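First the structure, in the form of structure tokens, and then the observations on it.
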Amino acid sequence: MTQILTPAEQEAHQKAIEAAIDNAEANLAKLAGQRLNASQQANVERAKSFIQQARQTRANDLATARSLAERADLLSQDLIRNLR
């Protein structure tokens, strides 16, 4: 079931999605060239998958797209923290 959002809510979701994707992609770029173990590499791939899914879902379901984008962001932040 798709939730009906006001234009302001739609805009807030769009901005949050874009910010989360931008942050996740920036974090993943920092990881490029790093030596990652198998688990870390799997999480990089998961984060990339979440980003792709968020972009695909965005047109039809902003709430789900936001959730996916935020998951990618959190996962990428965790990877950065664990590399230090």
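Ordering of the structure tokens sets the chain letters (A, B, ...); residue numbers start at 1 within each chain; ligands are numbered from 1 in the order shown.
Neighbouring residues of range 49-56 of chain A at 6 Å or closer, counting only C-alpha atoms and skipping chain neighbours under 6 positions away, are A:Ala65, A:Leu68, A:Ala69, A:Ala72.
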Margin query: Which residues are close to Ala16 in chain A, i.e. within 10 Å by only C-alpha atoms, leaving aside same-chain residues fewer than 4 positions away? Reply as a count of residues only.
Written below: 12
Give me the residues near Asn27 in chain A as a CSV table (one decimal) with C-alpha atoms, in the first residue's frame, where near means some atom within 7 Å (using only C-alpha atoms) and where sequence neighbours in that chain fewer than 5 positions away do not count.
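Produced file result01.csv, reproduced below:
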chain,number,residue,atom,x,y,z
A,76,SER,CA,29.0,2.8,4.6
A,77,GLN,CA,29.6,4.8,7.8
A,80,ILE,CA,34.6,3.7,7.4
Next item on the list: Record the distance separating CA of Leu83 in chain A and CA of Ala19 in chain A, expressed in Å with one decimal.
Entry: 22.6 Å
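Each of A:Ile17, A:Val44, A:Ala63, A:Leu5 was compared to Lys30 in chain A using only C-alpha atoms, and A:Val44 turns out to be the nearest.
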Checklist line | Non-local contacts of Asn82 in chain A (12 Å; only C-alpha atoms; under 5 positions in same chain excluded) as a list in words | finding: Leu31, Leu36, Asn37, Ser39, Gln40, Asn43, Leu75, Ser76 and Gln77 of chain A
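The space between CA of Arg46 in chain A and CA of Arg71 in chain A spans 9.4 Å.
Closest approach to Ala59 in chain A among A:Ala47, A:Pro7, A:Asp73, A:Gln14: A:Gln14, based on only C-alpha atoms.
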Next item on the list: Any chance you could list, as a PyMOL selection string, the residues in chain A that come up alpha helix (DSSP H) when DSSP is run on the backbone?
Entry: chain A and resi 7-31+38-57+62-83
